[in-house]
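Step one of this worksheet: look at the structure below.
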Amino acid sequence: MFAKAFRVKSNTAIKGSDRRKLRADVTSAFPTLGTDQVSVLIPGKEELNIVKLYAHKGDAVTVYMSGGNPILFELEKNLYPTVYTLWSYPDLLPTFTTWPLVLEKLVGGADLMLPGLVVPPAGLPQVQKSDLCAIALVGNRAPIAIGVAAMSTAEMLTSGLKGRGFSVLHTYQDHLWRSGDKSSPPSIAPLVLDPADLSEEKVDSTFQEDLRCLTLEGKEEENGEVPLSETSENTSAGVLSQDSTDSRPLQEQMDELLQQCFLHALKCRVRKADLPLLTSTLLGSHMFSCCPEGRQLDIKKSSYKKLSKFLQHMQQEQIIQVKELSKGVESVVAVDWKHPRITSFIIPEPSPTSQTVQEGSREQPYHPPDIKPLYCVPASMTLLFQESGHKKGSILEGNEVRTIIIDYAKKNELVDTHNKNLVKLDPILCDCILEKDEQHTVVKLPWDSLLTRCLEKLQPAYQVTFPGQEPIVKKGKICPIDITLAQRASNKKVTVVRNLEPYGLDPYSVAAILQQRCQASTTVTPAPGAKDSLQVQIQGNQVHHLGWLLLENIY
């Protein structure tokens, strides 16, 4: 709809009554949004504009602008979110996934054809014909387009994933997106991590060749016609489905895996001395560790959906006893290790083949860098250091600074003859290390005070050395990894982690590990106020899991 430039009819500030009506319309159109989220999306006092425009085909569209970005648009009395809004609320609409190479076609005005869908292990989202849906790319859950389903999910599967799947209304990089700040989609880790073979480099030649036919329905040529060769569909185009020798439904398989990891953890890892044990610790520190190689434990894909519901079921079987020892926090307080399900559980043996593959393909384990504090000579202290051959900007280690100061004091006969622990201050030392009000009152200093003051006056720097790499020297202080527990407008807590990069930690890898371990959604976004730095945000209070990751079991 916005593949070509549109014509603006009017742009006016919204009235108070219209603002209230818009809030009510948003609440009605998107019932999954809470009251607080609607208030954030449609702020009470901030500037909000109504832009009336005509799309290139003549459609009359009303666009709502907030903070310089289009957040919603209205067409034929139907309200639609823009990609800017979906990036803040990625779960607002059912999301279907396609290949990155398809984006260019969608931006050009094409609809999404069913052969272009990537089918996740859990199957396609359940939608009905004419339902509003989001479209994302493999490897990132941030939507890049919205469209209307041309058929229900059941009809899509019945058709063998052939034909037109979605009428695309708006995309990232179209002219509606260009009317905003033109920001790029944030990186939001998929709920289920995509297999390694979903990278663009590994898309087979058949898919590359057939890409042209995946999205071309609805594409307009200059003469209004689409070449016949482009409208024909090739059913050999790549469509991913669950590749497993197990023919049972995924939910049934996940239920079995969940119980297997639970029994394995109780039999081999949890001890009586560990009780009471936080249920989150049982999952994060014990059950995940018992998950077989090549499998991924995801409670959301099981019939239980939540850990608490699964543990209630295990409690009904009298395997464990769960109590809420503090408000909102449950713990396992008792385990019946003589229960038949635990005693009869056979610990699965890792297959030699999977172990060989793992040994050959696993990434090198993380080794923390060696971080050494350094000192930089400022202009105000060049006279003190020039005798030793150093100038402004010279980088020194702490022991070098100590040696230079001692040599300077001895060479200039500043050591007190009556008390060797004191050093007389000459004019250069006075100017370098004394405060203005001390210039005429302090004439001597103990060695330790002299050295401490000198180090404090030098500018901070540091050296980072990663295993097998050359040392990297930088000026300034190295900031520690910052972990913040924040509370959003929706009254939900989120854990934010910043400053991972100086320690050689990839924010995307950390986000992927935490997503699986915490069973919570994660996002990676630019860190506010920091150039070329990213932050990881995880839903809920995940400080405990971060401590485990950073202090005990860094990948």
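Each chain in the structure tokens gets a letter, A, B and so on, in the order shown; residues start at 1 in every chain, and ligands are counted from 1 in the order they appear.
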Find the residues near Lys300 (chain A): any atom within 12 Å, counting only C-alpha atoms, skip ones fewer than 5 places away on the same chain, and give them as an mmCIF file with C-alpha atoms, in the first residue's frame.
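Wrote selection31.cif, looks like this:
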data_model
loop_
_atom_site.group_PDB
_atom_site.id
_atom_site.type_symbol
_atom_site.label_atom_id
_atom_site.label_comp_id
_atom_site.auth_asym_id
_atom_site.auth_seq_id
_atom_site.Cartn_x
_atom_site.Cartn_y
_atom_site.Cartn_z
ATOM 1 C CA ALA A 122 5.909 -25.768 16.731
ATOM 2 C CA LEU A 191 11.135 -17.793 20.844
ATOM 3 C CA VAL A 192 12.651 -20.973 19.441
ATOM 4 C CA LEU A 250 5.605 -31.566 19.080
ATOM 5 C CA GLN A 251 3.614 -30.874 22.255
ATOM 6 C CA MET A 254 8.006 -31.681 24.688
ATOM 7 C CA ASP A 255 5.916 -33.105 27.548
ATOM 8 C CA LEU A 258 10.158 -32.051 30.238
ATOM 9 C CA LYS A 305 2.889 -23.896 29.210
ATOM 10 C CA LYS A 306 4.245 -22.794 32.598
ATOM 11 C CA LEU A 307 6.737 -24.332 35.037
ATOM 12 C CA SER A 308 4.372 -23.822 37.985
ATOM 13 C CA LYS A 309 1.629 -25.843 36.294
ATOM 14 C CA PHE A 310 4.042 -28.679 35.504
ATOM 15 C CA GLN A 515 16.123 -16.841 26.591
ATOM 16 C CA GLN A 516 16.429 -20.604 26.784
ATOM 17 C CA CYS A 518 15.010 -18.253 31.765
ATOM 18 C CA GLN A 519 12.187 -19.283 29.419
ATOM 19 C CA ALA A 520 11.568 -15.576 28.859
ATOM 20 C CA SER A 521 11.670 -13.323 25.824
#
- Item | strand (DSSP E or B) positions in region 475-554 of chain A, given as a PyMOL selection string | chain A and resi 475+482-487+493-498+522-526+534-539
- Message: From the options A:Glu387, A:Asp448, A:Glu400, A:Asp18, which residue's atoms come nearest to Gly44 (chain A), counting only C-alpha atoms?
- Response: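 Smallest separation from Gly44 (chain A) among the options: A:Asp18.
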- Can you tell me, as a list in words, what residues are no more than 7 Å from Pro185 (chain A) when counting only C-alpha atoms, ignoring any on the same chain fewer than 2 positions away?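 Within the cut-off, the hits are Trp87, Ala142, Ser183 and Ser187 of chain A.
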Please list as a compact mmCIF listing (two decimals) with N, CA and C atoms, in the first residue's frame every residue within 6 Å of region 441-445 of chain A, counting only C-alpha atoms and excluding residues in the same chain fewer than 5 positions away.
# COMPACT_ATOMS: atom_id res chain seq x y z
N LEU A 422 59.75 9.76 55.02
CA LEU A 422 59.18 11.01 54.54
C LEU A 422 59.93 11.51 53.31
N VAL A 423 59.20 12.19 52.44
CA VAL A 423 59.78 12.78 51.23
C VAL A 423 59.48 14.27 51.22
N LYS A 424 60.54 15.08 51.03
CA LYS A 424 60.36 16.53 50.93
C LYS A 424 59.79 16.86 49.56
N LEU A 425 58.91 17.84 49.52
CA LEU A 425 58.24 18.19 48.27
C LEU A 425 58.92 19.40 47.64
N LEU A 450 52.50 9.83 49.13
CA LEU A 450 53.04 10.44 47.92
C LEU A 450 52.68 9.61 46.69
- Message: Need to verify the contact set: Val83 (chain A), 9 Å, only C-alpha atoms, exclusion of same-chain residues closer than 2 positions in sequence. Can you return it as a list in words?
- Response: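 Listing them by chain and then by number gives Pro70, Ile71, Pro81, Thr85, Leu86, Trp87, Ser88, Ala134, Ala142, Pro143, Ile144, Ala145, Ile146, His170, Thr171, Tyr172, Trp177 and Pro185 of chain A.
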Take the residues from that selection and write them out as a compact mmCIF listing (two decimals), in the first residue's frame, keeping N, CA and C atoms.
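The file below, part_23.txt, is the result:
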# COMPACT_ATOMS: atom_id res chain seq x y z
N PRO A 70 5.21 7.24 12.70
CA PRO A 70 3.85 6.74 12.54
C PRO A 70 3.65 5.51 13.43
N ILE A 71 2.63 5.52 14.27
CA ILE A 71 2.44 4.40 15.18
C ILE A 71 1.24 3.54 14.79
N PRO A 81 -1.37 -1.45 13.29
CA PRO A 81 -0.12 -0.94 13.87
C PRO A 81 0.95 -0.83 12.78
N THR A 85 5.51 0.42 15.92
CA THR A 85 4.76 -0.05 17.10
C THR A 85 5.03 -1.52 17.37
N LEU A 86 5.09 -2.32 16.32
CA LEU A 86 5.31 -3.76 16.51
C LEU A 86 6.69 -4.05 17.08
N TRP A 87 7.65 -3.18 16.84
CA TRP A 87 8.98 -3.39 17.42
C TRP A 87 8.95 -3.23 18.94
N SER A 88 8.02 -2.41 19.43
CA SER A 88 7.85 -2.27 20.89
C SER A 88 6.95 -3.36 21.46
N ALA A 134 1.55 -10.38 11.54
CA ALA A 134 2.87 -9.78 11.37
C ALA A 134 3.76 -10.75 10.62
N ALA A 142 11.56 -9.44 15.33
CA ALA A 142 11.02 -8.10 15.08
C ALA A 142 10.30 -8.08 13.74
N PRO A 143 8.99 -7.76 13.72
CA PRO A 143 8.24 -7.78 12.46
C PRO A 143 8.78 -6.77 11.44
N ILE A 144 8.75 -7.15 10.17
CA ILE A 144 9.17 -6.26 9.09
C ILE A 144 8.01 -5.94 8.16
N ALA A 145 6.84 -6.49 8.43
CA ALA A 145 5.67 -6.22 7.59
C ALA A 145 4.41 -6.65 8.33
N ILE A 146 3.28 -6.09 7.91
CA ILE A 146 1.99 -6.56 8.40
C ILE A 146 1.12 -6.84 7.19
N HIS A 170 1.82 -3.01 4.72
CA HIS A 170 2.85 -2.05 5.15
C HIS A 170 4.12 -2.82 5.49
N THR A 171 5.28 -2.26 5.12
CA THR A 171 6.55 -2.94 5.37
C THR A 171 7.60 -1.97 5.90
N TYR A 172 8.58 -2.53 6.54
CA TYR A 172 9.81 -1.80 6.84
C TYR A 172 10.42 -1.33 5.51
N TRP A 177 7.07 3.95 6.50
CA TRP A 177 8.24 3.83 7.40
C TRP A 177 9.17 5.03 7.23
N PRO A 185 15.02 -2.36 12.32
CA PRO A 185 14.38 -3.25 13.30
C PRO A 185 15.34 -3.64 14.42
- Spatial neighbours of region 3-7 of chain A, max dist 6 Å, only C-alpha atoms, sep filter under 6 positions, as a ChimeraX atom specification: /A:53-56,108-109,174-175
Keeping only C-alpha atoms, write the selected residues as a PDB file, in the first residue's frame.
ATOM      1  CA  LEU A  53      -3.248  11.112   3.166  1.00  0.00           C
ATOM      2  CA  TYR A  54      -3.993   9.391  -0.103  1.00  0.00           C
ATOM      3  CA  ALA A  55      -1.981   6.278  -1.025  1.00  0.00           C
ATOM      4  CA  HIS A  56      -0.688   5.983  -4.596  1.00  0.00           C
ATOM      5  CA  GLY A 108       8.457  -3.532  -3.729  1.00  0.00           C
ATOM      6  CA  GLY A 109       4.738  -4.139  -3.246  1.00  0.00           C
ATOM      7  CA  ASP A 174       8.248   1.528   2.571  1.00  0.00           C
ATOM      8  CA  HIS A 175       7.139   5.168   2.339  1.00  0.00           C
TER       9      HIS A 175
END
- Just give me the gap between CA of Val464 (chain A) and CA of Ile371 (chain A) in Å, one decimal is fine.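 Separation of CA of Val464 (chain A) and CA of Ile371 (chain A): 4.7 Å.
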Could you give me, as an mmCIF file with N, CA and C atoms, in the first residue's frame, the residues within 12 Å of Gln469 (chain A), counting only C-alpha atoms and dropping anything in the same chain fewer than 4 positions from it?
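This is the output file out.cif:
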data_model
loop_
_atom_site.group_PDB
_atom_site.id
_atom_site.type_symbol
_atom_site.label_atom_id
_atom_site.label_comp_id
_atom_site.auth_asym_id
_atom_site.auth_seq_id
_atom_site.Cartn_x
_atom_site.Cartn_y
_atom_site.Cartn_z
ATOM 1 N N HIS A 367 36.902 -17.602 27.445
ATOM 2 C CA HIS A 367 37.963 -17.352 28.408
ATOM 3 C C HIS A 367 37.995 -15.852 28.668
ATOM 4 N N PRO A 369 39.072 -12.077 29.496
ATOM 5 C CA PRO A 369 40.323 -11.371 29.184
ATOM 6 C C PRO A 369 41.091 -11.026 30.445
ATOM 7 N N ASP A 370 42.395 -10.799 30.260
ATOM 8 C CA ASP A 370 43.234 -10.298 31.345
ATOM 9 C C ASP A 370 43.161 -8.778 31.302
ATOM 10 N N VAL A 464 43.456 -4.592 27.876
ATOM 11 C CA VAL A 464 42.675 -5.818 27.803
ATOM 12 C C VAL A 464 43.387 -6.789 26.875
ATOM 13 N N THR A 465 43.621 -7.998 27.364
ATOM 14 C CA THR A 465 44.290 -9.021 26.552
ATOM 15 C C THR A 465 43.423 -10.265 26.504
ATOM 16 N N GLY A 504 34.464 -9.102 25.859
ATOM 17 C CA GLY A 504 34.460 -10.120 24.813
ATOM 18 C C GLY A 504 33.198 -10.951 24.781
#
- Task: In Å, rounded to a single decimal, give me how far CA of Gly163 (chain A) is from CA of Gly58 (chain A).
- Result: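 Atom-to-atom, CA of Gly58 (chain A) and CA of Gly163 (chain A) are spaced 26.9 Å apart.
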- A:Ile478, A:Ile428, A:Leu101, A:Leu169 ranked by distance to Met1 (chain A), top pick (using only C-alpha atoms):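 When distances to Met1 (chain A) are compared using only C-alpha atoms, the smallest one comes from A:Leu169.
The shortest atom-to-atom distance to Leu282 (chain A), with only C-alpha atoms taken into account, belongs to A:Glu330 out of A:Glu413, A:Glu330, A:Glu256, A:Glu397.
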Can you check which parts of region 64-131 of chain A lie within 12 Å of region 27-39 of chain A? Per residue, the shortest pair of atoms and distance in Å to one decimal, counting only C-alpha atoms, sorted by chain and number, as CSV.
residue,atom,partner,partner_atom,distance
A:Ile71,CA,A:Val38,CA,11.8
A:Leu72,CA,A:Ala29,CA,11.4
A:Glu74,CA,A:Ala29,CA,11.3
A:Lys77,CA,A:Ala29,CA,10.9
A:Asn78,CA,A:Ala29,CA,8.3
A:Leu79,CA,A:Ala29,CA,6.9
A:Tyr80,CA,A:Ala29,CA,8.5
A:Pro81,CA,A:Phe30,CA,9.5
A:Thr85,CA,A:Gln37,CA,11.1
A:Leu86,CA,A:Leu33,CA,11.7
A:Ser88,CA,A:Gln37,CA,9.9
A:Tyr89,CA,A:Leu33,CA,8.7
A:Pro90,CA,A:Leu33,CA,11.3
A:Asp91,CA,A:Thr32,CA,8.9
A:Leu92,CA,A:Thr32,CA,6.9
A:Leu93,CA,A:Phe30,CA,8.6
A:Pro94,CA,A:Thr32,CA,11.5
A:Asp131,CA,A:Ala29,CA,11.6
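Interatomic distance, CA of Pro121 (chain A) to CA of Gln253 (chain A): 11.2 Å.
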- Please give the complete set of residues from region 293-456 of chain A that DSSP, run on the backbone, assigns to alpha helix (DSSP H), formatted as an MDAnalysis selection string. chainID A and resid 307:316 340:343 352:361 382:385 398:411 427:433 447:456
- Query: With distances taken over only C-alpha atoms, which of A:Ile188, A:Pro446, A:Val107, A:Leu374 is nearest to Val536 (chain A)?
  - Reply: A:Ile188
